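Source file: target18.cif. Holds: mmCIF, C-alpha atoms and all ligand atoms.
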```cif
data_input
loop_
_atom_site.label_atom_id
_atom_site.label_comp_id
_atom_site.auth_asym_id
_atom_site.auth_seq_id
_atom_site.Cartn_x
_atom_site.Cartn_y
_atom_site.Cartn_z
CA MET A 1 10.52 218.62 -87.98
CA LYS A 2 6.91 219.86 -88.10
CA LYS A 3 6.14 223.25 -86.60
CA ALA A 4 2.90 224.07 -84.83
CA ILE A 5 1.57 227.33 -83.43
CA VAL A 6 -0.78 226.93 -80.48
CA THR A 7 -2.81 229.97 -79.43
CA GLY A 8 -4.20 229.76 -75.88
CA ILE A 9 -1.06 227.87 -74.81
CA THR A 10 -1.53 228.87 -71.14
CA GLY A 11 -5.04 227.39 -71.01
CA GLN A 12 -6.14 223.86 -70.15
CA ASP A 13 -6.16 222.50 -73.71
CA GLY A 14 -3.15 224.50 -74.87
CA ALA A 15 -0.98 223.00 -72.14
CA TYR A 16 -2.04 219.40 -72.83
CA LEU A 17 -1.75 219.86 -76.59
CA ALA A 18 1.72 221.42 -76.37
CA GLU A 19 3.00 218.47 -74.37
CA PHE A 20 1.35 216.02 -76.77
CA LEU A 21 2.87 217.68 -79.86
CA LEU A 22 6.34 217.89 -78.27
CA ASN A 23 6.13 214.15 -77.61
CA LYS A 24 5.30 213.67 -81.29
CA GLY A 25 8.52 215.50 -82.22
CA TYR A 26 7.00 218.86 -83.18
CA GLU A 27 8.58 222.25 -82.66
CA VAL A 28 5.85 224.04 -80.71
CA HIS A 29 5.32 227.81 -80.70
CA GLY A 30 2.86 229.00 -78.09
CA ILE A 31 1.22 232.42 -78.08
CA LYS A 32 0.62 233.84 -74.63
CA ARG A 33 -0.72 237.15 -73.39
CA ARG A 34 1.34 239.51 -71.35
CA SER A 35 0.09 239.54 -67.77
CA SER A 36 1.22 241.32 -64.60
CA LEU A 37 1.63 237.97 -62.81
CA PHE A 38 3.08 234.71 -64.11
CA ASN A 39 0.38 232.93 -66.12
CA THR A 40 2.37 229.91 -67.26
CA GLN A 41 1.71 227.49 -64.38
CA ARG A 42 0.17 224.91 -66.72
CA ILE A 43 3.22 224.85 -69.02
CA ASP A 44 6.08 225.40 -66.58
CA HIS A 45 7.00 221.69 -66.73
CA ILE A 46 7.68 221.88 -70.49
CA TYR A 47 9.19 225.37 -70.55
CA GLU A 48 12.61 225.67 -72.16
CA ASP A 49 14.75 228.67 -71.40
CA SER A 50 15.79 230.74 -74.41
CA HIS A 51 19.40 229.66 -73.78
CA THR A 52 18.57 225.95 -74.14
CA PRO A 53 20.36 224.64 -77.23
CA HIS A 54 18.11 223.15 -79.95
CA ARG A 55 14.98 223.88 -78.01
CA HIS A 56 11.63 222.69 -79.30
CA PHE A 57 9.29 224.85 -77.25
CA HIS A 58 9.03 228.59 -77.86
CA LEU A 59 6.74 231.22 -76.38
CA HIS A 60 5.68 234.42 -78.14
CA TYR A 61 3.75 237.31 -76.68
CA GLY A 62 0.55 237.87 -78.59
CA ASP A 63 -3.16 238.47 -78.57
CA LEU A 64 -6.01 237.44 -80.82
CA THR A 65 -7.14 241.06 -80.95
CA ASP A 66 -3.84 242.17 -82.53
CA SER A 67 -3.59 241.36 -86.26
CA SER A 68 -0.10 242.72 -86.87
CA ASN A 69 1.27 240.68 -84.00
CA LEU A 70 -0.34 237.49 -85.34
CA ILE A 71 0.90 238.16 -88.87
CA ARG A 72 4.45 238.68 -87.58
CA ILE A 73 4.50 235.49 -85.52
CA ILE A 74 3.00 233.38 -88.32
CA GLN A 75 5.46 234.86 -90.82
CA GLU A 76 8.41 234.14 -88.52
CA VAL A 77 7.39 230.58 -87.67
CA GLN A 78 5.98 229.45 -91.07
CA PRO A 79 3.93 226.78 -89.26
CA ASP A 80 2.67 223.52 -90.70
CA GLU A 81 -0.26 223.60 -88.29
CA ILE A 82 -2.04 226.26 -86.25
CA TYR A 83 -4.30 225.23 -83.37
CA ASN A 84 -6.46 228.23 -82.54
CA LEU A 85 -7.42 227.53 -78.93
CA ALA A 86 -7.28 231.07 -77.54
CA ALA A 87 -10.62 232.48 -76.44
CA MET A 88 -12.53 234.23 -73.72
CA SER A 89 -13.95 230.82 -72.96
CA HIS A 90 -16.28 231.41 -70.02
CA VAL A 91 -19.93 231.37 -71.11
CA HIS A 92 -21.29 233.28 -68.09
CA VAL A 93 -18.55 235.93 -68.28
CA SER A 94 -19.38 236.48 -71.97
CA PHE A 95 -22.67 238.08 -70.89
CA GLU A 96 -20.56 240.64 -68.98
CA GLU A 97 -17.99 241.14 -71.78
CA PRO A 98 -19.92 240.52 -75.01
CA GLU A 99 -17.99 242.96 -77.21
CA TYR A 100 -14.56 241.74 -76.15
CA THR A 101 -15.73 238.14 -76.56
CA ALA A 102 -16.89 238.84 -80.12
CA ASN A 103 -13.56 240.47 -80.89
CA ALA A 104 -11.31 237.76 -79.46
CA ASP A 105 -13.39 234.64 -80.17
CA GLY A 106 -15.05 235.68 -83.44
CA ILE A 107 -12.84 238.19 -85.25
CA GLY A 108 -9.72 236.62 -83.66
CA THR A 109 -10.33 233.52 -85.79
CA LEU A 110 -10.70 235.65 -88.91
CA ARG A 111 -7.37 237.34 -88.09
CA ILE A 112 -5.59 233.97 -88.07
CA LEU A 113 -7.22 232.81 -91.31
CA GLU A 114 -6.49 236.12 -93.03
CA ALA A 115 -2.87 236.10 -91.82
CA VAL A 116 -2.31 232.67 -93.37
CA ARG A 117 -3.96 233.81 -96.62
CA LEU A 118 -2.07 237.13 -96.84
CA LEU A 119 1.25 235.45 -96.11
CA GLY A 120 0.71 233.01 -98.97
CA LEU A 121 0.72 230.00 -96.64
CA ILE A 122 -2.58 228.51 -97.84
CA ASN A 123 -0.90 225.43 -99.25
CA LYS A 124 1.40 224.95 -96.25
CA THR A 125 -0.48 225.76 -93.06
CA LYS A 126 -3.38 223.69 -91.71
CA ILE A 127 -5.71 225.37 -89.23
CA TYR A 128 -7.69 223.85 -86.37
CA GLN A 129 -10.49 226.01 -84.96
CA ALA A 130 -11.71 225.30 -81.40
CA SER A 131 -15.45 225.18 -82.01
CA THR A 132 -17.86 224.15 -79.33
CA SER A 133 -21.01 222.24 -78.40
CA GLU A 134 -22.32 225.61 -77.12
CA LEU A 135 -23.18 226.26 -80.81
CA TYR A 136 -26.11 223.84 -80.42
CA GLY A 137 -27.54 225.93 -77.58
CA LEU A 138 -31.31 225.64 -77.50
CA VAL A 139 -32.02 221.97 -78.12
CA GLN A 140 -33.02 221.24 -81.72
CA ALA A 141 -32.32 217.49 -81.68
CA VAL A 142 -30.25 215.01 -79.69
CA PRO A 143 -27.70 213.53 -79.79
CA GLN A 144 -25.99 216.48 -81.46
CA SER A 145 -23.84 215.68 -84.51
CA GLU A 146 -22.07 217.54 -87.33
CA THR A 147 -25.44 217.99 -89.07
CA THR A 148 -27.53 219.24 -86.12
CA PRO A 149 -28.64 222.88 -86.58
CA PHE A 150 -27.05 225.51 -84.34
CA TYR A 151 -28.95 227.88 -82.02
CA PRO A 152 -26.38 229.72 -79.86
CA ARG A 153 -27.52 231.00 -76.45
CA SER A 154 -24.74 233.31 -75.24
CA PRO A 155 -22.45 236.03 -76.58
CA TYR A 156 -19.68 233.41 -76.36
CA ALA A 157 -21.59 230.94 -78.51
CA VAL A 158 -22.59 233.62 -81.03
CA ALA A 159 -18.95 234.69 -81.39
CA LYS A 160 -17.94 231.05 -81.83
CA LEU A 161 -20.68 230.66 -84.46
CA TYR A 162 -18.98 233.37 -86.53
CA ALA A 163 -15.63 231.63 -86.01
CA TYR A 164 -17.15 228.30 -87.10
CA TRP A 165 -18.59 229.69 -90.33
CA ILE A 166 -15.62 231.86 -91.26
CA THR A 167 -13.46 228.74 -90.96
CA VAL A 168 -15.83 226.85 -93.28
CA ASN A 169 -15.91 229.83 -95.63
CA TYR A 170 -12.11 230.12 -95.93
CA ARG A 171 -11.93 226.39 -96.58
CA GLU A 172 -14.49 226.64 -99.39
CA ALA A 173 -13.41 230.01 -100.80
CA TYR A 174 -9.64 229.54 -100.80
CA ASN A 175 -9.25 225.80 -100.60
CA MET A 176 -7.57 226.14 -97.22
CA TYR A 177 -6.99 223.19 -94.93
CA ALA A 178 -9.14 224.64 -92.12
CA CYS A 179 -11.28 222.50 -89.80
CA ASN A 180 -13.64 222.88 -86.88
CA GLY A 181 -13.49 220.51 -83.96
CA ILE A 182 -16.92 220.80 -82.34
CA LEU A 183 -15.88 219.73 -78.89
CA PHE A 184 -18.21 218.94 -76.03
CA ASN A 185 -17.15 219.87 -72.49
CA HIS A 186 -13.82 218.41 -71.49
CA GLU A 187 -12.26 218.75 -68.10
CA SER A 188 -9.16 217.77 -66.13
CA PRO A 189 -7.23 218.68 -62.99
CA GLN A 190 -5.97 221.63 -65.09
CA ARG A 191 -9.49 222.98 -65.73
CA GLY A 192 -10.00 226.66 -64.88
CA GLU A 193 -11.29 227.09 -61.33
CA THR A 194 -14.55 228.84 -62.27
CA PHE A 195 -15.88 226.16 -64.62
CA VAL A 196 -18.44 224.06 -62.81
CA THR A 197 -16.57 220.73 -62.58
CA ARG A 198 -13.38 222.21 -61.13
CA LYS A 199 -15.39 224.52 -58.89
CA ILE A 200 -17.11 221.41 -57.52
CA THR A 201 -14.00 219.25 -57.10
CA ARG A 202 -12.08 222.09 -55.43
CA ALA A 203 -14.96 222.77 -53.03
CA THR A 204 -15.36 219.06 -52.29
CA ALA A 205 -11.70 218.87 -51.28
CA LYS A 206 -11.79 222.09 -49.25
CA ILE A 207 -15.00 221.20 -47.41
CA ALA A 208 -13.73 217.70 -46.59
CA LEU A 209 -10.47 219.16 -45.26
CA GLY A 210 -12.31 221.76 -43.18
CA MET A 211 -11.02 224.66 -45.29
CA ASP A 212 -14.45 225.80 -46.55
CA ASN A 213 -18.06 225.49 -45.45
CA CYS A 214 -20.39 225.60 -48.39
CA LEU A 215 -20.37 225.41 -52.18
CA TYR A 216 -22.73 227.82 -53.96
CA LEU A 217 -23.86 226.80 -57.43
CA GLY A 218 -26.36 227.89 -60.08
CA ASN A 219 -28.51 225.61 -62.24
CA LEU A 220 -28.10 222.03 -61.02
CA ASP A 221 -30.40 220.60 -63.69
CA ALA A 222 -28.28 221.44 -66.74
CA LYS A 223 -26.84 218.36 -68.44
CA ARG A 224 -23.39 218.13 -69.95
CA ASP A 225 -21.48 215.54 -71.95
CA TRP A 226 -18.16 215.59 -70.08
CA GLY A 227 -14.92 214.01 -71.27
CA HIS A 228 -11.24 214.29 -70.34
CA ALA A 229 -9.13 217.03 -72.01
CA LYS A 230 -6.33 214.54 -72.69
CA ASP A 231 -8.60 212.51 -74.98
CA TYR A 232 -9.88 215.61 -76.75
CA ILE A 233 -6.52 217.15 -77.64
CA GLU A 234 -5.60 213.88 -79.32
CA GLY A 235 -8.75 214.29 -81.41
CA MET A 236 -7.68 217.83 -82.39
CA TYR A 237 -4.40 216.46 -83.70
CA LEU A 238 -6.13 213.67 -85.64
CA ILE A 239 -8.49 216.19 -87.27
CA LEU A 240 -5.47 217.90 -88.87
CA GLN A 241 -3.90 214.62 -90.07
CA GLN A 242 -6.70 213.70 -92.51
CA GLU A 243 -6.33 213.89 -96.27
CA LYS A 244 -9.30 216.24 -96.64
CA PRO A 245 -10.22 219.05 -94.22
CA GLU A 246 -13.53 218.37 -92.47
CA ASP A 247 -15.38 219.24 -89.26
CA PHE A 248 -15.78 216.72 -86.45
CA VAL A 249 -17.74 216.37 -83.20
CA LEU A 250 -15.76 215.05 -80.22
CA ALA A 251 -17.96 213.84 -77.36
CA THR A 252 -18.56 210.82 -75.15
CA GLY A 253 -22.25 210.35 -75.99
CA ILE A 254 -23.18 210.30 -72.29
CA THR A 255 -24.83 213.17 -70.45
CA THR A 256 -25.00 213.89 -66.70
CA THR A 257 -26.59 216.63 -64.58
CA ILE A 258 -24.54 219.08 -62.55
CA ARG A 259 -26.41 217.67 -59.52
CA ASP A 260 -25.05 214.18 -60.19
CA PHE A 261 -21.54 215.52 -60.74
CA VAL A 262 -21.74 217.11 -57.26
CA LYS A 263 -22.82 213.80 -55.71
CA MET A 264 -20.10 211.87 -57.55
CA SER A 265 -17.47 214.32 -56.41
CA PHE A 266 -18.34 214.06 -52.69
CA ALA A 267 -18.89 210.29 -53.00
CA GLU A 268 -15.28 210.02 -54.20
CA LEU A 269 -14.27 210.87 -50.61
CA GLY A 270 -16.92 208.61 -49.09
CA ILE A 271 -19.16 211.58 -48.28
CA GLU A 272 -22.84 210.96 -49.03
CA LEU A 273 -25.12 213.95 -49.61
CA GLY A 274 -28.87 214.15 -49.02
CA PHE A 275 -31.44 216.85 -49.70
CA ARG A 276 -32.01 219.47 -47.05
CA GLY A 277 -35.72 219.68 -47.89
CA LYS A 278 -38.27 216.96 -48.36
CA ASP A 279 -37.98 217.13 -52.12
CA GLU A 280 -35.69 218.40 -54.83
CA ALA A 281 -37.54 221.73 -55.05
CA GLU A 282 -35.83 222.90 -51.88
CA GLU A 283 -32.26 223.08 -53.08
CA GLY A 284 -29.50 222.43 -50.66
CA TYR A 285 -27.57 219.35 -49.74
CA VAL A 286 -26.58 218.13 -46.30
CA VAL A 287 -23.92 215.66 -45.28
CA LYS A 288 -25.44 212.25 -44.51
CA ASN A 289 -22.27 210.21 -44.23
CA ILE A 290 -18.93 211.84 -43.50
CA GLY A 291 -16.55 209.27 -45.00
CA GLU A 292 -13.17 209.59 -43.30
CA TYR A 293 -13.48 213.31 -42.70
CA GLU A 294 -14.31 215.34 -39.62
CA LEU A 295 -17.57 216.77 -40.93
CA GLU A 296 -20.83 217.13 -39.04
CA THR A 297 -23.72 215.11 -40.39
CA GLY A 298 -26.68 217.35 -41.24
CA LYS A 299 -24.37 220.24 -42.16
CA ILE A 300 -25.42 222.08 -45.33
CA VAL A 301 -22.55 221.91 -47.79
CA VAL A 302 -24.16 222.77 -51.13
CA LYS A 303 -26.63 225.58 -51.82
CA VAL A 304 -28.09 227.19 -54.92
CA ASP A 305 -27.34 230.87 -55.50
CA PRO A 306 -29.31 232.36 -58.42
CA LYS A 307 -26.45 234.73 -59.16
CA TYR A 308 -24.84 231.83 -60.99
CA TYR A 309 -27.86 231.40 -63.32
CA ARG A 310 -27.28 232.54 -66.88
CA PRO A 311 -29.70 234.89 -68.70
CA THR A 312 -30.14 232.10 -71.27
CA GLU A 313 -29.07 228.55 -70.48
CA VAL A 314 -28.05 225.54 -72.53
CA ASP A 315 -30.09 222.78 -70.88
CA LEU A 316 -28.94 219.62 -72.57
CA LEU A 317 -25.80 218.59 -74.40
CA ILE A 318 -25.19 215.08 -75.58
CA GLY A 319 -22.90 214.52 -78.53
CA ASP A 320 -22.75 211.91 -81.24
CA PRO A 321 -19.05 211.18 -81.92
CA THR A 322 -19.72 208.50 -84.57
CA LYS A 323 -17.97 210.39 -87.38
CA ALA A 324 -14.79 210.97 -85.32
CA MET A 325 -14.79 207.36 -84.15
CA THR A 326 -15.19 205.88 -87.61
CA GLN A 327 -13.16 208.34 -89.70
CA LEU A 328 -10.43 209.34 -87.24
CA GLY A 329 -10.35 206.16 -85.19
CA TRP A 330 -10.77 208.44 -82.15
CA LYS A 331 -12.03 206.84 -78.95
CA PRO A 332 -12.01 208.45 -75.49
CA LYS A 333 -10.08 206.44 -72.89
CA TYR A 334 -11.58 208.12 -69.83
CA ASN A 335 -15.14 207.79 -68.55
CA LEU A 336 -16.77 210.29 -66.18
CA ALA A 337 -16.05 208.22 -63.04
CA ALA A 338 -12.31 208.14 -63.85
CA LEU A 339 -12.34 211.87 -64.62
CA VAL A 340 -14.04 212.76 -61.31
CA LYS A 341 -11.66 210.50 -59.42
CA GLU A 342 -8.60 212.16 -60.95
CA MET A 343 -9.90 215.70 -60.41
CA VAL A 344 -10.92 215.14 -56.79
CA ALA A 345 -7.64 213.37 -55.94
CA SER A 346 -5.67 216.20 -57.51
CA ASP A 347 -7.55 218.89 -55.57
CA VAL A 348 -7.29 216.98 -52.28
CA SER A 349 -3.54 216.74 -52.77
CA LEU A 350 -3.32 220.43 -53.71
CA PHE A 351 -5.19 221.59 -50.61
CA LYS A 352 -3.41 219.15 -48.29
CA LYS A 353 -0.18 220.79 -49.41
CA GLU A 354 -1.65 224.25 -48.80
CA LEU A 355 -2.83 223.19 -45.32
CA TYR A 356 0.55 221.73 -44.49
CA ILE A 357 2.33 224.93 -45.50
CA LYS A 358 -0.11 227.02 -43.47
CA GLU A 359 0.00 224.80 -40.40
CA SER A 360 3.81 224.62 -40.47
CA GLY A 361 3.94 228.43 -40.57
CA LEU A 362 6.03 228.27 -43.75
P1 LIG B 401 -9.08 228.16 -71.19
O1 LIG B 401 -9.99 229.24 -70.75
O2 LIG B 401 -8.47 227.25 -70.19
O3 LIG B 401 -7.88 228.81 -72.04
C1 LIG B 401 -8.10 229.88 -72.91
C2 LIG B 401 -6.76 230.36 -73.43
O4 LIG B 401 -6.96 231.47 -74.31
C3 LIG B 401 -5.82 230.88 -72.31
O5 LIG B 401 -4.50 230.56 -72.67
C4 LIG B 401 -6.02 232.39 -72.39
O6 LIG B 401 -4.93 233.13 -71.89
C5 LIG B 401 -6.13 232.55 -73.89
N1 LIG B 401 -6.73 233.81 -74.31
C6 LIG B 401 -7.89 234.37 -73.91
N2 LIG B 401 -8.12 235.51 -74.57
C7 LIG B 401 -7.08 235.69 -75.40
C8 LIG B 401 -6.72 236.70 -76.34
N3 LIG B 401 -7.49 237.76 -76.56
N4 LIG B 401 -5.57 236.56 -77.03
C9 LIG B 401 -4.75 235.50 -76.83
N5 LIG B 401 -5.02 234.53 -75.94
C10 LIG B 401 -6.18 234.61 -75.25
O7 LIG B 401 -9.87 227.32 -72.30
P2 LIG B 401 -9.76 225.76 -72.68
O8 LIG B 401 -8.35 225.38 -72.75
O9 LIG B 401 -10.70 225.00 -71.85
O10 LIG B 401 -10.39 225.78 -74.14
C11 LIG B 401 -9.58 225.96 -75.30
C12 LIG B 401 -10.45 226.40 -76.46
O11 LIG B 401 -11.44 225.44 -76.74
C13 LIG B 401 -11.21 227.70 -76.22
O12 LIG B 401 -11.29 228.38 -77.45
C14 LIG B 401 -12.59 227.24 -75.79
O13 LIG B 401 -13.54 228.23 -76.10
C15 LIG B 401 -12.75 226.01 -76.65
N6 LIG B 401 -13.59 224.95 -76.12
C16 LIG B 401 -13.35 224.45 -74.86
C17 LIG B 401 -14.08 223.39 -74.40
C18 LIG B 401 -13.86 222.82 -73.03
O14 LIG B 401 -14.73 222.09 -72.56
N7 LIG B 401 -12.73 223.07 -72.39
C19 LIG B 401 -15.12 222.75 -75.25
C20 LIG B 401 -15.25 223.34 -76.55
C21 LIG B 401 -14.50 224.39 -76.97
P3 LIG B 401 -4.78 233.49 -70.31
O15 LIG B 401 -4.21 232.24 -69.67
O16 LIG B 401 -3.86 234.62 -70.35
O17 LIG B 401 -6.15 233.79 -69.82
P1 LIG B 402 -20.09 225.56 -70.07
O1 LIG B 402 -19.25 225.19 -68.76
O2 LIG B 402 -20.90 226.78 -69.90
O3 LIG B 402 -20.78 224.31 -70.50
O4 LIG B 402 -18.90 225.94 -71.09
P2 LIG B 402 -19.43 225.55 -67.24
O5 LIG B 402 -18.67 224.55 -66.48
O6 LIG B 402 -19.15 227.00 -66.98
O7 LIG B 402 -21.01 225.34 -66.99
C1 LIG B 402 -21.63 224.08 -67.17
C2 LIG B 402 -23.05 224.12 -66.63
O8 LIG B 402 -23.01 224.23 -65.21
C3 LIG B 402 -23.98 225.18 -64.78
N1 LIG B 402 -23.59 225.73 -63.49
C4 LIG B 402 -22.50 226.47 -63.24
N2 LIG B 402 -21.49 226.85 -64.05
C5 LIG B 402 -20.48 227.57 -63.48
N3 LIG B 402 -19.44 227.93 -64.24
N4 LIG B 402 -20.49 227.93 -62.16
C6 LIG B 402 -21.51 227.58 -61.31
O9 LIG B 402 -21.52 227.91 -60.15
C7 LIG B 402 -22.56 226.79 -61.88
N5 LIG B 402 -23.68 226.23 -61.35
C8 LIG B 402 -24.30 225.60 -62.33
C9 LIG B 402 -24.01 226.20 -65.90
O10 LIG B 402 -25.19 226.99 -65.85
C10 LIG B 402 -23.90 225.30 -67.12
O11 LIG B 402 -25.17 224.82 -67.47
C11 LIG B 402 -17.72 225.17 -71.16
C12 LIG B 402 -16.56 226.12 -71.57
O12 LIG B 402 -15.36 225.40 -71.50
C13 LIG B 402 -16.76 226.63 -72.98
O13 LIG B 402 -15.60 227.35 -73.39
C14 LIG B 402 -16.96 225.42 -73.92
O14 LIG B 402 -17.19 225.89 -75.23
C15 LIG B 402 -18.12 224.57 -73.44
O15 LIG B 402 -17.85 224.14 -72.12
C16 LIG B 402 -18.33 223.34 -74.30
#
```
Show how you would write the structure in this file as structure tokens.
Amino acid sequence: MKKAIVTGITGQDGAYLAEFLLNKGYEVHGIKRRSSLFNTQRIDHIYEDSHTPHRHFHLHYGDLTDSSNLIRIIQEVQPDEIYNLAAMSHVHVSFEEPEYTANADGIGTLRILEAVRLLGLINKTKIYQASTSELYGLVQAVPQSETTPFYPRSPYAVAKLYAYWITVNYREAYNMYACNGILFNHESPQRGETFVTRKITRATAKIALGMDNCLYLGNLDAKRDWGHAKDYIEGMYLILQQEKPEDFVLATGITTTIRDFVKMSFAELGIELGFRGKDEAEEGYVVKNIGEYELETGKIVVKVDPKYYRPTEVDLLIGDPTKAMTQLGWKPKYNLAALVKEMVASDVSLFKKELYIKESGL
């Protein structure tokens, strides 16, 4: 039975990947941080109690800023594969916490690579590093591929740039099986609530159900290449199953503005939005058609708040997944319409439940 360590197990990708690997027959060891409240909601459905006989899913307390802890876990598990997904992954927050982000996202990757080297596991353990389209930053060329130059635009992206190159360096210096997956944005109903897609689908559901009034967003003109997390974690796995370690872009090749994502999200519930002003310069959207919901037409439901602007923005991401498609046979199953549909439906169901509990006085 193959053993995998997944850092960032409590995050969106960690949860999907753990389930995927368990279904493939792996023994999965997740590393989670200690927190004062339960932080395992995304993996509760696959959790196995420590008394379960022959269990395949194990959790270890750990942190990417703690080398001795990582060395101990890796020594104990002797993994065939490590998926390093843990990170302070919010680009805007990284401007507030640049030093911590560098430590966890940049040096954290070095700690994993060094642990594998020091423990003499170079010929046993393969390493996947969660690299990102944020590395491309200021547009140099599109679509962005494995050969497009990087120009990071946030403390997060700069930390991930270090992680990218230290992974390449350990591969070249020590002949390690270490790979970067340069993944473009991928979302799901499990996406963190402060990333823009989930923020939009949650607000759409709440506004439609009369639980909120207005959604405040930052830059509506940024363009992202959005896919579904389920497709992308399959790509991570494939990257580690190749004969030779290499880096791969995973993307859909289609880009969409935040503005259009907002419209698609409301349209999913039959709600049509129109501009408040005469032109797009006056930001703010009003309800034009209420769908099946008890909204007022003319009500402002989306506004721009500059506090959500970033000091430096990544304006355009559009990936070229040709290498992954040809070499890995990877092909995303979801398109953006299906992704938006699933996310909105999930949030509507979540908030209907919340409403029901509240209204029943439970
Ligand atoms: P999430 O933010 O959902 O999950 C991040 C995970 O990392 C959480 O489990 C979090 O724990 C954990 N974590 C954060 N800091 C530390 C630390 N110091 N030590 C140990 N664990 C830590 O991210 P995603 O699942 O969306 O992304 C997974 C990885 O892929 C990240 O590295 C991200 O930067 C990268 N990436 C993501 C993309 C995307 O579109 N989703 C695209 C490209 C790259 P806790 O739950 O306790 O906060
Ligand atoms: P991103 O994702 O920065 O691409 O990083 P995010 O969803 O945070 O932002 C996407 C774009 O939307 C604009 N935006 C807003 N963003 C947020 N979060 N909140 C808002 O209110 C808002 N309004 C507009 C942003 O300016 C940006 O242009 C994600 C993370 O998962 C990273 O970890 C990962 O590496 C990259 O995707 C690929």
Residues within 7 Å of ligand LIG 402 (chain B), counting all atoms listed in the file, as a PyMOL selection string: chain A and resi 89-92+132-134+183-185+194-197+199+216-220+222-224+258+308-310+313-315
Within 10 Å of Ser346 (chain A) using only C-alpha atoms, minus same-chain residues under 2 positions, as a list in words: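 Counting only the stated atoms, we get Ser188, Pro189, Gln190, Thr201, Arg202, Ala205, Val340, Lys341, Glu342, Met343, Val344, Val348, Ser349, Leu350, Phe351 and Lys352 of chain A.
Of the residues under consideration (A:Glu193, A:Glu114, A:Glu272, A:Glu243), A:Glu193 shows the shortest atom-to-atom contact distance to ligand LIG 401 (chain B) when counting all atoms listed in the file.
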Contacts of Asn213 (chain A) within 12 Å, all atoms listed in the file, excl. fewer than 3 positions in-chain, as number ranges by chain: A: 203-210, 216, 286-287, 295-296, 299-303
Near-ligand residues for ligand LIG 401 (chain B), threshold 6 Å, all atoms listed in the file, as an NGL selection string: :A and (8-14 or 32-33 or 39 or 63-65 or 85-89 or 104 or 130-132 or 183-186 or 192)
Selected residue of minimal separation from Glu76 (chain A) among A:Trp226, A:Glu19, A:Lys331, A:Lys3, counting only C-alpha atoms: A:Lys3
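Going from CA of Tyr156 (chain A) over to CA of Asn169 (chain A), you cover 20.0 Å.
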Long-range neighbours of Gln78 (chain A) as a ChimeraX atom specification, 9 Å cut-off, all atoms listed in the file, 6 positions minimum in chain: /A:3-4,121,124-125
